[in-house]
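Trainee: Pasting a structure here, questions to come.
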Amino acid sequence: MCYYTGLMGIMGNLLKLLACTEFEHGPIVFLDFEHAQPTEAETAVWNQVSAVLEEAHGILAELQSYNGAGQEIREAIQNPNDLQLQEKAWNAVCPLVAKLKRFYEFSLRLENALRSLLEALTSPPYAPMQHLEREQALAKQFAEILHFTLSFDELKMTNPAIQNDFSYYRRTISRNRLNNQQLEAENEVNNEMANRMSLFYAEATPMLKTLSNATTKFVSENKTLPIEDTTDCLSTMACVCRVMLETPEYRCRFTNTDTMLFCMRVMVGVIILYDHVHPVGAFAKTSKIDMKGCIKVLKEQPSNSVEGLLNALRYTTRHLNDDSTSKQIRALLQ
């Protein structure tokens, strides 16, 4: 699915649906996802993040069309003495590894963009709720980053060619190094870069892991900022999405499935970030996120559209298996 397909339609629906005034854990913030424009105070951060988000569409399109070099690699492995097949496999893999490098480098820019948004949406003197009301354009960008992140990771998890291609590349580099040969492609992806890329792609959900680590680091480095300022921002966004998804009179106004998927991805993304940052996580009874309600909303959707999101909750959260997590919530995620 193209990231920006129908985005204006999505935002229009969200604009209509965020007009209620109460939720279980506090007041809803009216988020104008369609028409939000940066104020003068938001402009610097908005421009920085916008430059990153403009690349998101291309990144997702490249990943969606990533077919890998599986056939060439198999032929090269099966015929180790055929130099022509070795060269064919290498020539097929190198441009793919260059593409994987771009994806990895984009994750670093996304990490910096998230940090800038967190700084803006949690800085004194305003409370988190006031930030979301005052800085709607930045709140919209935060949601778009999460939507991209979950989209990227869903595509990556269903494409084993990525790790297969990169493993073949690394084995070939190592073999040639042992033979005192250096290939030209090694200049672009040196050993240090290859090690970092290897760690990145070893994750089931690499983009989400990047954002989770960045959020945790943001909290640890800003010791004078109450942790609640960050977690309340995340829990508020999760609750907004849940209310829209679980309330029939809101949900029936969706004009396309993209709206549902956008809300679900943002909801899951902020839940995972919350769980990594909050001391007791998202699954405890004291959590400001209604986890039971969020999971039920996901499980009511067709399984092919939410399985990746449920797996993200199962395998990338930190506190799901804590003793404080109720048996009911664990059962819902089984």
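Each chain in the structure tokens gets a letter, A, B and so on, in the order shown; residues start at 1 in every chain, and ligands are counted from 1 in the order they appear.
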Once you count only C-alpha atoms, what closest atom pair and distance in Å to one decimal does each residue of stretch 111-227 of chain A within 12 Å of stretch 59-71 of chain A have, with rows by chain and rising residue number, as CSV?
Mentor:
```
residue,atom,partner,partner_atom,distance
A:His147,CA,A:Leu60,CA,11.3
A:Phe148,CA,A:Leu60,CA,7.9
A:Thr149,CA,A:Leu60,CA,9.7
A:Leu150,CA,A:Leu60,CA,10.8
A:Ser151,CA,A:Leu60,CA,7.7
A:Phe152,CA,A:Leu60,CA,6.3
A:Asp153,CA,A:Leu60,CA,9.9
A:Glu154,CA,A:Gln64,CA,10.1
A:Leu155,CA,A:Gln64,CA,6.6
A:Lys156,CA,A:Leu63,CA,7.5
A:Met157,CA,A:Leu63,CA,11.1
A:Thr158,CA,A:Gln64,CA,10.2
A:Asn159,CA,A:Tyr66,CA,8.2
A:Pro160,CA,A:Gly68,CA,8.8
A:Ala161,CA,A:Gly68,CA,5.1
A:Ile162,CA,A:Gly68,CA,6.7
A:Gln163,CA,A:Gly68,CA,9.5
A:Asn164,CA,A:Gly70,CA,7.6
A:Asp165,CA,A:Ala69,CA,6.5
A:Phe166,CA,A:Gly68,CA,9.7
A:Ser167,CA,A:Gly70,CA,11.5
A:Tyr168,CA,A:Ala69,CA,9.7
A:Tyr169,CA,A:Ala69,CA,10.7
```
Trainee: Neighbouring residues of stretch 113-119 of chain A were defined as those with any atom within 8 Å, considering only C-alpha atoms; residues of the same chain fewer than 5 positions away were excluded. Please report them as a count of residues only.
Mentor: 12
Trainee: For a quick check of understanding, using only C-alpha atoms, which of A:Ala204, A:Ile295, A:Val270, A:Ile289 has the smallest distance to A:Thr316?
Mentor: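 Using only C-alpha atoms, the shortest distance to A:Thr316 belongs to A:Ala204.
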Trainee: Taking the DSSP assignment computed from this structure's backbone, write out as a PyMOL selection string all residues of stretch 124-282 of chain A that belong to alpha helix (DSSP H).
Mentor: chain A and resi 128-134+136-157+161-178+191-202+206-221+227-246+248-251+257-277
Trainee: Would you kindly return, as a PDB file with all heavy atoms, in the first residue's frame, each protein, DNA or RNA residue with an atom no farther than 12 Å from any atom of A:Ala51, considering only C-alpha atoms and excluding same-chain residues fewer than 5 positions away?
Mentor:
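And here is the file that came out, selection_22.pdb:
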```pdb
ATOM      1  N   ALA A  44      10.119  25.723  12.566  1.00  0.00           N
ATOM      2  CA  ALA A  44      11.475  25.175  12.459  1.00  0.00           C
ATOM      3  C   ALA A  44      11.455  23.650  12.562  1.00  0.00           C
ATOM      4  O   ALA A  44      12.054  22.944  11.729  1.00  0.00           O
ATOM      5  CB  ALA A  44      12.372  25.775  13.543  1.00  0.00           C
ATOM      6  N   VAL A  45      10.773  23.133  13.569  1.00  0.00           N
ATOM      7  CA  VAL A  45      10.698  21.678  13.734  1.00  0.00           C
ATOM      8  C   VAL A  45       9.900  21.053  12.596  1.00  0.00           C
ATOM      9  O   VAL A  45      10.280  20.014  12.046  1.00  0.00           O
ATOM     10  CB  VAL A  45      10.070  21.319  15.099  1.00  0.00           C
ATOM     11  CG1 VAL A  45       9.844  19.813  15.212  1.00  0.00           C
ATOM     12  CG2 VAL A  45      10.962  21.797  16.234  1.00  0.00           C
ATOM     13  N   TRP A  46       8.796  21.706  12.222  1.00  0.00           N
ATOM     14  CA  TRP A  46       7.937  21.176  11.162  1.00  0.00           C
ATOM     15  C   TRP A  46       8.718  21.036   9.856  1.00  0.00           C
ATOM     16  O   TRP A  46       8.606  20.020   9.160  1.00  0.00           O
ATOM     17  CB  TRP A  46       6.732  22.085  10.974  1.00  0.00           C
ATOM     18  CG  TRP A  46       5.693  21.524  10.055  1.00  0.00           C
ATOM     19  CD1 TRP A  46       4.623  20.734  10.384  1.00  0.00           C
ATOM     20  CD2 TRP A  46       5.619  21.711   8.622  1.00  0.00           C
ATOM     21  NE1 TRP A  46       3.895  20.417   9.266  1.00  0.00           N
ATOM     22  CE2 TRP A  46       4.490  20.996   8.172  1.00  0.00           C
ATOM     23  CE3 TRP A  46       6.404  22.408   7.710  1.00  0.00           C
ATOM     24  CZ2 TRP A  46       4.119  20.964   6.834  1.00  0.00           C
ATOM     25  CZ3 TRP A  46       6.043  22.369   6.357  1.00  0.00           C
ATOM     26  CH2 TRP A  46       4.909  21.661   5.937  1.00  0.00           C
ATOM     27  N   ALA A  56       9.592   9.416   2.807  1.00  0.00           N
ATOM     28  CA  ALA A  56       8.942   8.183   3.270  1.00  0.00           C
ATOM     29  C   ALA A  56       8.228   7.453   2.146  1.00  0.00           C
ATOM     30  O   ALA A  56       8.284   6.223   2.054  1.00  0.00           O
ATOM     31  CB  ALA A  56       7.965   8.511   4.407  1.00  0.00           C
ATOM     32  N   HIS A  57       7.550   8.196   1.288  1.00  0.00           N
ATOM     33  CA  HIS A  57       6.821   7.575   0.188  1.00  0.00           C
ATOM     34  C   HIS A  57       7.760   6.751  -0.689  1.00  0.00           C
ATOM     35  O   HIS A  57       7.478   5.597  -1.030  1.00  0.00           O
ATOM     36  CB  HIS A  57       6.128   8.660  -0.641  1.00  0.00           C
ATOM     37  CG  HIS A  57       5.541   8.163  -1.925  1.00  0.00           C
ATOM     38  ND1 HIS A  57       4.367   7.449  -1.978  1.00  0.00           N
ATOM     39  CD2 HIS A  57       5.978   8.254  -3.212  1.00  0.00           C
ATOM     40  CE1 HIS A  57       4.103   7.133  -3.231  1.00  0.00           C
ATOM     41  NE2 HIS A  57       5.064   7.611  -3.999  1.00  0.00           N
ATOM     42  N   PHE A 106      17.980   6.129   6.367  1.00  0.00           N
ATOM     43  CA  PHE A 106      16.721   6.846   6.575  1.00  0.00           C
ATOM     44  C   PHE A 106      16.220   6.645   8.005  1.00  0.00           C
ATOM     45  O   PHE A 106      15.644   7.559   8.609  1.00  0.00           O
ATOM     46  CB  PHE A 106      15.659   6.372   5.580  1.00  0.00           C
ATOM     47  CG  PHE A 106      14.342   7.094   5.723  1.00  0.00           C
ATOM     48  CD1 PHE A 106      14.199   8.387   5.251  1.00  0.00           C
ATOM     49  CD2 PHE A 106      13.263   6.481   6.337  1.00  0.00           C
ATOM     50  CE1 PHE A 106      12.991   9.065   5.392  1.00  0.00           C
ATOM     51  CE2 PHE A 106      12.060   7.146   6.488  1.00  0.00           C
ATOM     52  CZ  PHE A 106      11.923   8.448   6.005  1.00  0.00           C
ATOM     53  N   ARG A 109      17.673   9.245  10.172  1.00  0.00           N
ATOM     54  CA  ARG A 109      17.032  10.546  10.022  1.00  0.00           C
ATOM     55  C   ARG A 109      15.661  10.563  10.684  1.00  0.00           C
ATOM     56  O   ARG A 109      15.245  11.568  11.266  1.00  0.00           O
ATOM     57  CB  ARG A 109      16.917  10.904   8.534  1.00  0.00           C
ATOM     58  CG  ARG A 109      18.269  11.149   7.875  1.00  0.00           C
ATOM     59  CD  ARG A 109      18.134  11.853   6.546  1.00  0.00           C
ATOM     60  NE  ARG A 109      17.531  11.000   5.526  1.00  0.00           N
ATOM     61  CZ  ARG A 109      18.206  10.104   4.815  1.00  0.00           C
ATOM     62  NH1 ARG A 109      19.503   9.912   5.031  1.00  0.00           N
ATOM     63  NH2 ARG A 109      17.596   9.383   3.902  1.00  0.00           N
ATOM     64  N   LEU A 110      14.970   9.434  10.601  1.00  0.00           N
ATOM     65  CA  LEU A 110      13.659   9.324  11.252  1.00  0.00           C
ATOM     66  C   LEU A 110      13.807   9.429  12.769  1.00  0.00           C
ATOM     67  O   LEU A 110      12.983  10.052  13.451  1.00  0.00           O
ATOM     68  CB  LEU A 110      13.011   7.998  10.872  1.00  0.00           C
ATOM     69  CG  LEU A 110      11.490   7.913  11.045  1.00  0.00           C
ATOM     70  CD1 LEU A 110      10.795   8.788  10.018  1.00  0.00           C
ATOM     71  CD2 LEU A 110      11.025   6.467  10.892  1.00  0.00           C
ATOM     72  N   ASN A 112      16.112  11.112  14.389  1.00  0.00           N
ATOM     73  CA  ASN A 112      16.331  12.520  14.726  1.00  0.00           C
ATOM     74  C   ASN A 112      15.046  13.330  14.631  1.00  0.00           C
ATOM     75  O   ASN A 112      14.802  14.229  15.442  1.00  0.00           O
ATOM     76  CB  ASN A 112      17.395  13.116  13.794  1.00  0.00           C
ATOM     77  CG  ASN A 112      18.780  12.582  14.084  1.00  0.00           C
ATOM     78  OD1 ASN A 112      19.082  12.195  15.213  1.00  0.00           O
ATOM     79  ND2 ASN A 112      19.629  12.536  13.062  1.00  0.00           N
ATOM     80  N   ALA A 113      14.210  13.008  13.635  1.00  0.00           N
ATOM     81  CA  ALA A 113      12.936  13.708  13.485  1.00  0.00           C
ATOM     82  C   ALA A 113      12.031  13.443  14.684  1.00  0.00           C
ATOM     83  O   ALA A 113      11.378  14.364  15.203  1.00  0.00           O
ATOM     84  CB  ALA A 113      12.240  13.279  12.190  1.00  0.00           C
ATOM     85  N   GLN A 141       2.440  15.175  12.274  1.00  0.00           N
ATOM     86  CA  GLN A 141       3.693  14.579  11.797  1.00  0.00           C
ATOM     87  C   GLN A 141       4.090  13.382  12.644  1.00  0.00           C
ATOM     88  O   GLN A 141       4.611  12.385  12.123  1.00  0.00           O
ATOM     89  CB  GLN A 141       4.800  15.629  11.806  1.00  0.00           C
ATOM     90  CG  GLN A 141       4.666  16.686  10.722  1.00  0.00           C
ATOM     91  CD  GLN A 141       5.833  17.649  10.712  1.00  0.00           C
ATOM     92  OE1 GLN A 141       6.336  18.053  11.768  1.00  0.00           O
ATOM     93  NE2 GLN A 141       6.288  18.026   9.528  1.00  0.00           N
TER      94      GLN A 141
END
```
Trainee: Show me, as a list of chain:residue names, the residues that have an atom within 10 Å of A:Gly281 when counting only C-alpha atoms, minus same-chain residues fewer than 3 positions from it.
Mentor: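 Returned residues: A:Thr231, A:Ile271, A:Ile272, A:Leu273, A:Tyr274, A:Asp275, A:His276, A:Val277, A:His278, A:Ala284, A:Lys285, A:Thr286, A:Ser287, A:Lys288, A:Ile289, A:Thr317, A:Arg318, A:His319, A:Leu320, A:Asp322, A:Ser324, A:Thr325.
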Trainee: Which of these residues is nearest to A:Glu144, using only C-alpha atoms: A:Phe262, A:Phe283, A:Tyr126, A:Tyr315?
Mentor: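 For A:Glu144, the nearest of the candidates is A:Phe262.
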